[in-house]
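Asker: Let me begin by handing over the structure; questions about it come next.
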Amino acid sequence: MAGIRTFDAFPKTEEVYKKKSTKGGITSILTYIFLLFICWTEFGKFFGGYIDQQYTVDNVVRETVQINMDLYVNIKCQHIHINVRDETKDRKLVIQELNLEDMPFFIPYDSKVNDVNDIVTPELDDIVGDAIPAEFREKLDTRQFFNEDDPESQKHLPQFNGCHIFGSIPVNRVKGELQITASGFGYYGKRPPIEEVNFAHAINEFSFGDFYPYINNPLDKTARFNKEDPLSAYVYHVSAIPMKYKKMGVEIDTFQYSVNDYRHSVKDMRRKSLSVFPGIFFKYNFEALSIEVSDIRISFFQFIIRLVAIMSFFVFVVSWIFTIIDLLLVNILGPKWSLRYQPDTQSGGILT
């Protein structure tokens, strides 16, 4: 027994009589490349985070909500009445809280006429980039830029047939209606000449909550007019929902809304006996749900565990697939098709 130095109960073929296959090397290289791709994608997810959306019942008690508006209306400011009515039977004359400027009415060239913008859910990065708070400017007397007493200036004096309405007003956070009508239509007052009543309009801004002028809304840059029937009533049904956006410590609390619009002509009002007067009506409602959009980032420790688990599972699956395919090829097509080893064709064996 002293002469026995090594003992192998499972004799194996000497490496000199084996030839490694290049197929296995190619498979290993492809596996390593795919592992690098997994690392690259996981690092991108770690640094970029992912977007999480949560729908919950709005638990924030808000007694009032701010409405921001900027409109051009084809009627003189002196004929306009602006009121807010809601389900609490509260009626508020808000014309005193808004700014009204005389202007020559026109529709901006980039407005979408007789249509609304597509309802598009904005991306989180767009909201964070565009959420720059602002305030409306003070009211200006636009007539001061023209000398109406100068006969020469009167030749080039524009026709101030419109009104620029802009500002922010607080309203009760219940279902309500913002009414822009003419004096004597629906409320007590002296009616203006009928030929001066025309509620064709262009909406530059209409939003809820804090005033973020760079965030796009469905009614922004839209316009309505009816040349054949200037005594039309334009009705907007607006459904607003609270939105909260969070990214890297920044929180933006605002509202998004959907809208349907209708137009009632004088003939429709008479035929259907509608109690609708010429004007612009925003019928708004606030949803009970709220949406929170957050940018979520996992910790570095969680990232390492996730990366190791994914790569280990991938290597385990690939090794088993490689072994099974190699076994099938050897048993079906013969040893020369092995992905791991191939016999040496240059050697005839030990006796040669």
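Simple scheme: letters A, B, ... for chains in structure tokens order, numbers from 1 for residues in each chain, numbers from 1 for ligands in the order shown.
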Can you tell me which residues surround A:Ala200 at a distance of at most 8 Å, considering only C-alpha atoms, apart from same-chain residues fewer than 6 positions away, and format the answer as a list of chain:residue names?

Answerer: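 Residues near the query, excluding close chain neighbours: A:Val73, A:Asn74, A:Ala223, A:Arg224, A:Phe225, A:Asn226, A:Pro230.
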
Asker: Write out as JSON, numbers by chain the residues lying within 12 Å of A:Glu251, counting only C-alpha atoms and excluding same-chain residues fewer than 2 positions away.

Answerer: {"A": [124, 127, 128, 131, 243, 244, 245, 246, 247, 248, 249, 253, 254, 292, 293, 294, 295]}

Asker: Restricting the calculation to only C-alpha atoms: of A:Thr56, A:Asn216, A:Ser28, A:Gln96, which residue gets closest to A:Asp118?

Answerer: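 When distances to A:Asp118 are compared using only C-alpha atoms, the smallest one comes from A:Asn216.
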
Asker: Would you pick out the contacts of A:Leu35 at 12 Å or less, using only C-alpha atoms, so that residues sharing its chain but fewer than 5 positions from it are not included, and give the list as JSON, numbers by chain?

Answerer: {"A": [28, 29, 30, 40, 41, 42, 307, 308, 310, 311, 312, 313, 314, 315, 318]}

Asker: Store the residues picked out above in a file with all heavy atoms, as a compact mmCIF listing (two decimals), in the first residue's frame.

Answerer:
```txt
# COMPACT_ATOMS: atom_id res chain seq x y z
N SER A 28 -20.11 31.12 -24.57
CA SER A 28 -19.67 31.87 -23.39
C SER A 28 -19.54 33.35 -23.68
O SER A 28 -19.93 34.20 -22.87
CB SER A 28 -18.33 31.31 -22.88
OG SER A 28 -18.46 29.95 -22.54
N ILE A 29 -18.99 33.67 -24.85
CA ILE A 29 -18.83 35.09 -25.22
C ILE A 29 -20.19 35.76 -25.33
O ILE A 29 -20.40 36.88 -24.84
CB ILE A 29 -18.05 35.20 -26.54
CG1 ILE A 29 -16.60 34.75 -26.34
CG2 ILE A 29 -18.09 36.64 -27.07
CD1 ILE A 29 -15.78 34.70 -27.61
N LEU A 30 -21.16 35.07 -25.97
CA LEU A 30 -22.51 35.65 -26.08
C LEU A 30 -23.14 35.82 -24.71
O LEU A 30 -23.85 36.81 -24.46
CB LEU A 30 -23.38 34.74 -26.96
CG LEU A 30 -22.99 34.65 -28.44
CD1 LEU A 30 -23.88 33.65 -29.17
CD2 LEU A 30 -23.07 36.01 -29.11
N TRP A 40 -25.90 47.09 -17.92
CA TRP A 40 -26.11 48.44 -18.46
C TRP A 40 -27.56 48.89 -18.28
O TRP A 40 -27.82 50.03 -17.86
CB TRP A 40 -25.72 48.44 -19.94
CG TRP A 40 -25.93 49.77 -20.60
CD1 TRP A 40 -25.21 50.91 -20.40
CD2 TRP A 40 -26.93 50.08 -21.57
NE1 TRP A 40 -25.70 51.92 -21.19
CE2 TRP A 40 -26.75 51.44 -21.92
CE3 TRP A 40 -27.94 49.34 -22.18
CZ2 TRP A 40 -27.55 52.07 -22.85
CZ3 TRP A 40 -28.74 49.97 -23.11
CH2 TRP A 40 -28.55 51.32 -23.44
N THR A 41 -28.51 48.01 -18.56
CA THR A 41 -29.92 48.37 -18.41
C THR A 41 -30.29 48.57 -16.94
O THR A 41 -31.05 49.49 -16.61
CB THR A 41 -30.82 47.29 -19.02
OG1 THR A 41 -30.50 46.01 -18.44
CG2 THR A 41 -30.63 47.21 -20.52
N GLU A 42 -29.75 47.75 -16.05
CA GLU A 42 -30.05 47.90 -14.64
C GLU A 42 -29.45 49.18 -14.06
O GLU A 42 -30.07 49.85 -13.23
CB GLU A 42 -29.56 46.68 -13.85
CG GLU A 42 -30.34 45.41 -14.11
CD GLU A 42 -31.81 45.57 -13.75
OE1 GLU A 42 -32.09 46.16 -12.69
OE2 GLU A 42 -32.66 45.10 -14.51
N LEU A 307 -29.32 43.24 -8.91
CA LEU A 307 -28.42 42.94 -10.02
C LEU A 307 -27.81 41.55 -9.87
O LEU A 307 -27.76 40.78 -10.85
CB LEU A 307 -27.33 44.01 -10.09
CG LEU A 307 -26.32 43.87 -11.23
CD1 LEU A 307 -27.03 43.99 -12.58
CD2 LEU A 307 -25.23 44.92 -11.12
N VAL A 308 -27.33 41.21 -8.66
CA VAL A 308 -26.72 39.89 -8.44
C VAL A 308 -27.76 38.79 -8.65
O VAL A 308 -27.47 37.75 -9.26
CB VAL A 308 -26.10 39.82 -7.04
CG1 VAL A 308 -25.66 38.40 -6.71
CG2 VAL A 308 -24.92 40.78 -6.93
N ILE A 310 -30.48 38.82 -10.54
CA ILE A 310 -30.84 38.68 -11.96
C ILE A 310 -29.72 37.98 -12.73
O ILE A 310 -29.97 37.06 -13.52
CB ILE A 310 -31.15 40.06 -12.57
CG1 ILE A 310 -32.44 40.63 -11.96
CG2 ILE A 310 -31.28 39.96 -14.09
CD1 ILE A 310 -32.76 42.03 -12.44
N MET A 311 -28.45 38.40 -12.50
CA MET A 311 -27.34 37.80 -13.23
C MET A 311 -27.14 36.33 -12.84
O MET A 311 -26.84 35.49 -13.70
CB MET A 311 -26.07 38.62 -12.98
CG MET A 311 -26.14 40.04 -13.53
SD MET A 311 -24.65 40.99 -13.20
CE MET A 311 -23.45 40.11 -14.17
N SER A 312 -27.30 36.02 -11.55
CA SER A 312 -27.13 34.63 -11.11
C SER A 312 -28.21 33.76 -11.73
O SER A 312 -27.93 32.64 -12.20
CB SER A 312 -27.19 34.55 -9.58
OG SER A 312 -26.17 35.33 -9.00
N PHE A 313 -29.43 34.22 -11.73
CA PHE A 313 -30.50 33.44 -12.32
C PHE A 313 -30.27 33.24 -13.82
O PHE A 313 -30.51 32.16 -14.36
CB PHE A 313 -31.85 34.15 -12.08
CG PHE A 313 -33.02 33.44 -12.69
CD1 PHE A 313 -33.53 32.28 -12.12
CD2 PHE A 313 -33.62 33.93 -13.86
CE1 PHE A 313 -34.61 31.62 -12.68
CE2 PHE A 313 -34.69 33.27 -14.42
CZ PHE A 313 -35.19 32.12 -13.84
N PHE A 314 -29.78 34.29 -14.48
CA PHE A 314 -29.53 34.17 -15.92
C PHE A 314 -28.43 33.14 -16.20
O PHE A 314 -28.56 32.30 -17.11
CB PHE A 314 -29.13 35.54 -16.49
CG PHE A 314 -28.76 35.49 -17.95
CD1 PHE A 314 -29.74 35.38 -18.93
CD2 PHE A 314 -27.43 35.56 -18.34
CE1 PHE A 314 -29.39 35.33 -20.28
CE2 PHE A 314 -27.08 35.50 -19.67
CZ PHE A 314 -28.06 35.39 -20.64
N VAL A 315 -27.33 33.19 -15.44
CA VAL A 315 -26.23 32.23 -15.64
C VAL A 315 -26.72 30.81 -15.35
O VAL A 315 -26.38 29.86 -16.08
CB VAL A 315 -25.04 32.60 -14.74
CG1 VAL A 315 -23.97 31.49 -14.79
CG2 VAL A 315 -24.44 33.92 -15.18
N VAL A 318 -28.91 29.68 -18.33
CA VAL A 318 -28.12 29.46 -19.54
C VAL A 318 -27.30 28.19 -19.42
O VAL A 318 -27.16 27.42 -20.40
CB VAL A 318 -27.22 30.69 -19.80
CG1 VAL A 318 -26.20 30.38 -20.88
CG2 VAL A 318 -28.07 31.88 -20.21
```

Asker: Which neighbours of stretch 93-95 of chain A fall inside 9 Å, counting only C-alpha atoms, when residues of the same chain fewer than 4 positions from it are skipped, and could you give them as a PyMOL selection string?

Answerer: chain A and resi 80-84+99-100+169

Asker: Emit the selected residues as a compact mmCIF listing (two decimals), in the first residue's frame, including N, CA, C and O atoms.

Answerer:
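This is the output file out-v5.txt:
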```
# COMPACT_ATOMS: atom_id res chain seq x y z
N ILE A 80 -70.31 93.40 -20.13
CA ILE A 80 -70.07 92.05 -19.63
C ILE A 80 -70.45 91.93 -18.15
O ILE A 80 -70.18 92.81 -17.35
N HIS A 81 -71.08 90.80 -17.83
CA HIS A 81 -71.32 90.37 -16.45
C HIS A 81 -70.66 89.01 -16.26
O HIS A 81 -70.81 88.13 -17.11
N ILE A 82 -69.97 88.83 -15.14
CA ILE A 82 -69.31 87.55 -14.84
C ILE A 82 -69.73 87.11 -13.45
O ILE A 82 -69.53 87.84 -12.47
N ASN A 83 -70.34 85.93 -13.37
CA ASN A 83 -70.84 85.40 -12.10
C ASN A 83 -70.41 83.95 -11.93
O ASN A 83 -70.12 83.26 -12.91
N VAL A 84 -70.42 83.52 -10.68
CA VAL A 84 -70.17 82.11 -10.34
C VAL A 84 -71.33 81.64 -9.47
O VAL A 84 -71.66 82.28 -8.46
N ASN A 99 -59.53 91.20 -14.19
CA ASN A 99 -59.09 92.38 -14.94
C ASN A 99 -59.74 92.38 -16.31
O ASN A 99 -59.70 91.37 -17.02
N LEU A 100 -60.34 93.50 -16.68
CA LEU A 100 -60.99 93.65 -17.98
C LEU A 100 -60.36 94.83 -18.72
O LEU A 100 -60.30 95.94 -18.18
N ILE A 169 -59.59 83.64 -9.75
CA ILE A 169 -60.71 83.80 -8.81
C ILE A 169 -60.84 82.53 -7.98
O ILE A 169 -60.74 81.42 -8.49
```

Asker: When you draw a straight line from atom CA of A:Ser258 to atom CA of A:Leu178, how long is it in Å?

Answerer: 16.2 Å

Asker: DSSP says strand (DSSP E) for which residues of stretch 102-236 of chain A? Put them as a PDB file with C-alpha atoms, in the first residue's frame?

Answerer:
```pdb
ATOM      1  CA  ASP A 102     -60.731  97.111 -23.887  1.00  0.00           C
ATOM      2  CA  MET A 103     -59.140  95.669 -27.007  1.00  0.00           C
ATOM      3  CA  LYS A 112     -57.426  75.831 -32.584  1.00  0.00           C
ATOM      4  CA  VAL A 113     -60.729  77.165 -33.924  1.00  0.00           C
ATOM      5  CA  GLY A 162     -63.547  93.297 -27.654  1.00  0.00           C
ATOM      6  CA  CYS A 163     -62.612  92.663 -24.043  1.00  0.00           C
ATOM      7  CA  HIS A 164     -59.554  91.022 -22.564  1.00  0.00           C
ATOM      8  CA  ILE A 165     -60.575  89.106 -19.402  1.00  0.00           C
ATOM      9  CA  PHE A 166     -57.801  87.712 -17.241  1.00  0.00           C
ATOM     10  CA  GLY A 167     -57.042  86.904 -13.625  1.00  0.00           C
ATOM     11  CA  SER A 168     -57.581  84.301 -10.895  1.00  0.00           C
ATOM     12  CA  ILE A 169     -60.713  83.796  -8.814  1.00  0.00           C
ATOM     13  CA  PRO A 170     -61.332  81.472  -5.818  1.00  0.00           C
ATOM     14  CA  VAL A 171     -64.457  79.314  -6.016  1.00  0.00           C
ATOM     15  CA  ASN A 172     -65.996  76.768  -3.669  1.00  0.00           C
ATOM     16  CA  GLY A 176     -70.596  75.001 -10.091  1.00  0.00           C
ATOM     17  CA  GLU A 177     -70.758  77.213 -13.145  1.00  0.00           C
ATOM     18  CA  LEU A 178     -68.755  80.223 -14.285  1.00  0.00           C
ATOM     19  CA  GLN A 179     -71.004  82.479 -16.373  1.00  0.00           C
ATOM     20  CA  ILE A 180     -69.847  85.202 -18.755  1.00  0.00           C
ATOM     21  CA  THR A 181     -72.953  86.941 -20.063  1.00  0.00           C
ATOM     22  CA  ALA A 182     -74.128  90.345 -21.227  1.00  0.00           C
ATOM     23  CA  HIS A 201     -63.948  84.175 -27.994  1.00  0.00           C
ATOM     24  CA  ALA A 202     -60.401  82.922 -27.786  1.00  0.00           C
ATOM     25  CA  ILE A 203     -59.128  81.116 -24.672  1.00  0.00           C
ATOM     26  CA  ASN A 204     -55.446  81.624 -23.928  1.00  0.00           C
ATOM     27  CA  GLU A 205     -55.523  80.025 -20.483  1.00  0.00           C
ATOM     28  CA  PHE A 206     -58.039  78.096 -18.414  1.00  0.00           C
ATOM     29  CA  SER A 207     -56.789  76.052 -15.485  1.00  0.00           C
ATOM     30  CA  PHE A 208     -57.435  75.136 -11.859  1.00  0.00           C
ATOM     31  CA  THR A 222     -58.601  77.413 -28.505  1.00  0.00           C
ATOM     32  CA  ALA A 223     -61.251  79.679 -30.045  1.00  0.00           C
ATOM     33  CA  ARG A 224     -64.978  79.601 -30.859  1.00  0.00           C
ATOM     34  CA  ALA A 233     -74.249  80.236 -26.113  1.00  0.00           C
ATOM     35  CA  TYR A 234     -70.975  78.343 -25.689  1.00  0.00           C
ATOM     36  CA  VAL A 235     -71.066  75.710 -22.945  1.00  0.00           C
ATOM     37  CA  TYR A 236     -68.045  73.824 -21.585  1.00  0.00           C
TER      38      TYR A 236
END
```

Asker: Write out as a ChimeraX atom specification which residues come within 6 Å of A:Phe286 when counting only C-alpha atoms, dropping same-chain ones fewer than 6 positions away.

Answerer: /A:239-241

Asker: Those same residues - N, CA and C atoms - I'd like them written as an mmCIF file, in the first residue's frame.

Answerer:
```
data_model
loop_
_atom_site.group_PDB
_atom_site.id
_atom_site.type_symbol
_atom_site.label_atom_id
_atom_site.label_comp_id
_atom_site.auth_asym_id
_atom_site.auth_seq_id
_atom_site.Cartn_x
_atom_site.Cartn_y
_atom_site.Cartn_z
ATOM 1 N N SER A 239 -64.451 68.494 -16.134
ATOM 2 C CA SER A 239 -64.299 67.590 -15.001
ATOM 3 C C SER A 239 -62.830 67.612 -14.566
ATOM 4 N N ALA A 240 -62.579 68.168 -13.387
ATOM 5 C CA ALA A 240 -61.208 68.362 -12.908
ATOM 6 C C ALA A 240 -60.859 67.321 -11.858
ATOM 7 N N ILE A 241 -59.606 66.885 -11.858
ATOM 8 C CA ILE A 241 -59.124 65.896 -10.901
ATOM 9 C C ILE A 241 -57.810 66.389 -10.309
#
```

Asker: Please return, as a PDB file with C-alpha atoms, in the first residue's frame, all residues of stretch 6-249 of chain A that DSSP assigns to alpha helix (DSSP H) on the basis of the backbone.

Answerer:
```pdb
ATOM      1  CA  THR A  22     -15.106  26.468 -30.325  1.00  0.00           C
ATOM      2  CA  LYS A  23     -18.899  26.343 -30.099  1.00  0.00           C
ATOM      3  CA  GLY A  24     -18.776  26.450 -26.321  1.00  0.00           C
ATOM      4  CA  GLY A  25     -16.438  29.449 -26.443  1.00  0.00           C
ATOM      5  CA  ILE A  26     -18.827  31.360 -28.697  1.00  0.00           C
ATOM      6  CA  THR A  27     -21.694  30.547 -26.343  1.00  0.00           C
ATOM      7  CA  SER A  28     -19.668  31.865 -23.385  1.00  0.00           C
ATOM      8  CA  ILE A  29     -18.835  35.086 -25.222  1.00  0.00           C
ATOM      9  CA  LEU A  30     -22.506  35.645 -26.084  1.00  0.00           C
ATOM     10  CA  THR A  31     -23.429  34.983 -22.451  1.00  0.00           C
ATOM     11  CA  TYR A  32     -20.908  37.558 -21.212  1.00  0.00           C
ATOM     12  CA  ILE A  33     -22.152  40.130 -23.725  1.00  0.00           C
ATOM     13  CA  PHE A  34     -25.725  39.622 -22.592  1.00  0.00           C
ATOM     14  CA  LEU A  35     -24.636  39.926 -18.938  1.00  0.00           C
ATOM     15  CA  LEU A  36     -23.006  43.270 -19.750  1.00  0.00           C
ATOM     16  CA  PHE A  37     -26.238  44.364 -21.433  1.00  0.00           C
ATOM     17  CA  ILE A  38     -28.195  43.427 -18.299  1.00  0.00           C
ATOM     18  CA  CYS A  39     -25.770  45.438 -16.152  1.00  0.00           C
ATOM     19  CA  TRP A  40     -26.112  48.437 -18.464  1.00  0.00           C
ATOM     20  CA  THR A  41     -29.920  48.369 -18.407  1.00  0.00           C
ATOM     21  CA  GLU A  42     -30.054  47.896 -14.639  1.00  0.00           C
ATOM     22  CA  PHE A  43     -27.679  50.810 -14.082  1.00  0.00           C
ATOM     23  CA  GLY A  44     -29.925  52.916 -16.315  1.00  0.00           C
ATOM     24  CA  LYS A  45     -32.978  51.971 -14.241  1.00  0.00           C
ATOM     25  CA  PHE A  46     -31.079  52.724 -11.023  1.00  0.00           C
ATOM     26  CA  PHE A  47     -30.055  56.220 -12.075  1.00  0.00           C
ATOM     27  CA  GLY A  48     -33.225  56.988 -14.051  1.00  0.00           C
ATOM     28  CA  LEU A 124     -43.597  63.839 -15.391  1.00  0.00           C
ATOM     29  CA  ASP A 125     -40.456  65.527 -16.735  1.00  0.00           C
ATOM     30  CA  ASP A 126     -42.571  67.941 -18.799  1.00  0.00           C
ATOM     31  CA  ILE A 127     -44.632  68.908 -15.753  1.00  0.00           C
ATOM     32  CA  VAL A 128     -41.551  69.455 -13.578  1.00  0.00           C
ATOM     33  CA  GLY A 129     -39.898  71.528 -16.304  1.00  0.00           C
ATOM     34  CA  ASP A 130     -42.973  73.635 -17.070  1.00  0.00           C
ATOM     35  CA  PRO A 151     -58.309 114.014 -35.839  1.00  0.00           C
ATOM     36  CA  GLU A 152     -55.285 112.463 -37.524  1.00  0.00           C
ATOM     37  CA  SER A 153     -55.082 109.671 -34.959  1.00  0.00           C
ATOM     38  CA  GLN A 154     -58.775 108.926 -35.287  1.00  0.00           C
ATOM     39  CA  LYS A 155     -58.198 107.792 -38.856  1.00  0.00           C
TER      40      LYS A 155
END
```

Asker: Between atom CA of A:Ala288 and atom CA of A:Lys175, measure the distance and give it in Å to one decimal.

Answerer: 11.6 Å

Asker: For A:Glu123, which of A:Gly189, A:Gln78, A:Glu138, A:Ile51 is the closest residue, counting only C-alpha atoms?

Answerer: A:Ile51

Asker: Of the residues A:Asp326, A:Asp86, A:Phe185, A:Asn161, which is the one nearest to A:Phe282, using only C-alpha atoms?

Answerer: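 Under the stated criterion, the closest residue is A:Asp86.
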
Asker: Tell me which of A:Leu140, A:Leu231, A:Ile296, A:Ile321 sits closest to A:Val276, counting only C-alpha atoms.

Answerer: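 Using only C-alpha atoms, the shortest distance to A:Val276 belongs to A:Leu231.
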
Asker: Restricting the calculation to only C-alpha atoms, which member of A:Ile304, A:Pro242, A:Ile280, A:Leu329 is positioned closest to A:Asp58?

Answerer: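 Checking each candidate against A:Asp58, we get A:Pro242 as the closest.
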
Asker: Which residue gives the smallest distance to A:Pro278 among A:Ile332, A:Arg297, A:His237, A:Gly186, with only C-alpha atoms counted?

Answerer: A:Gly186

Asker: Rounded to one decimal in Å, what is the spacing between atom CA of A:Lys283 and atom CA of A:Phe160?

Answerer: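 Calculated distance between atom CA of A:Lys283 and atom CA of A:Phe160 is 29.0 Å.
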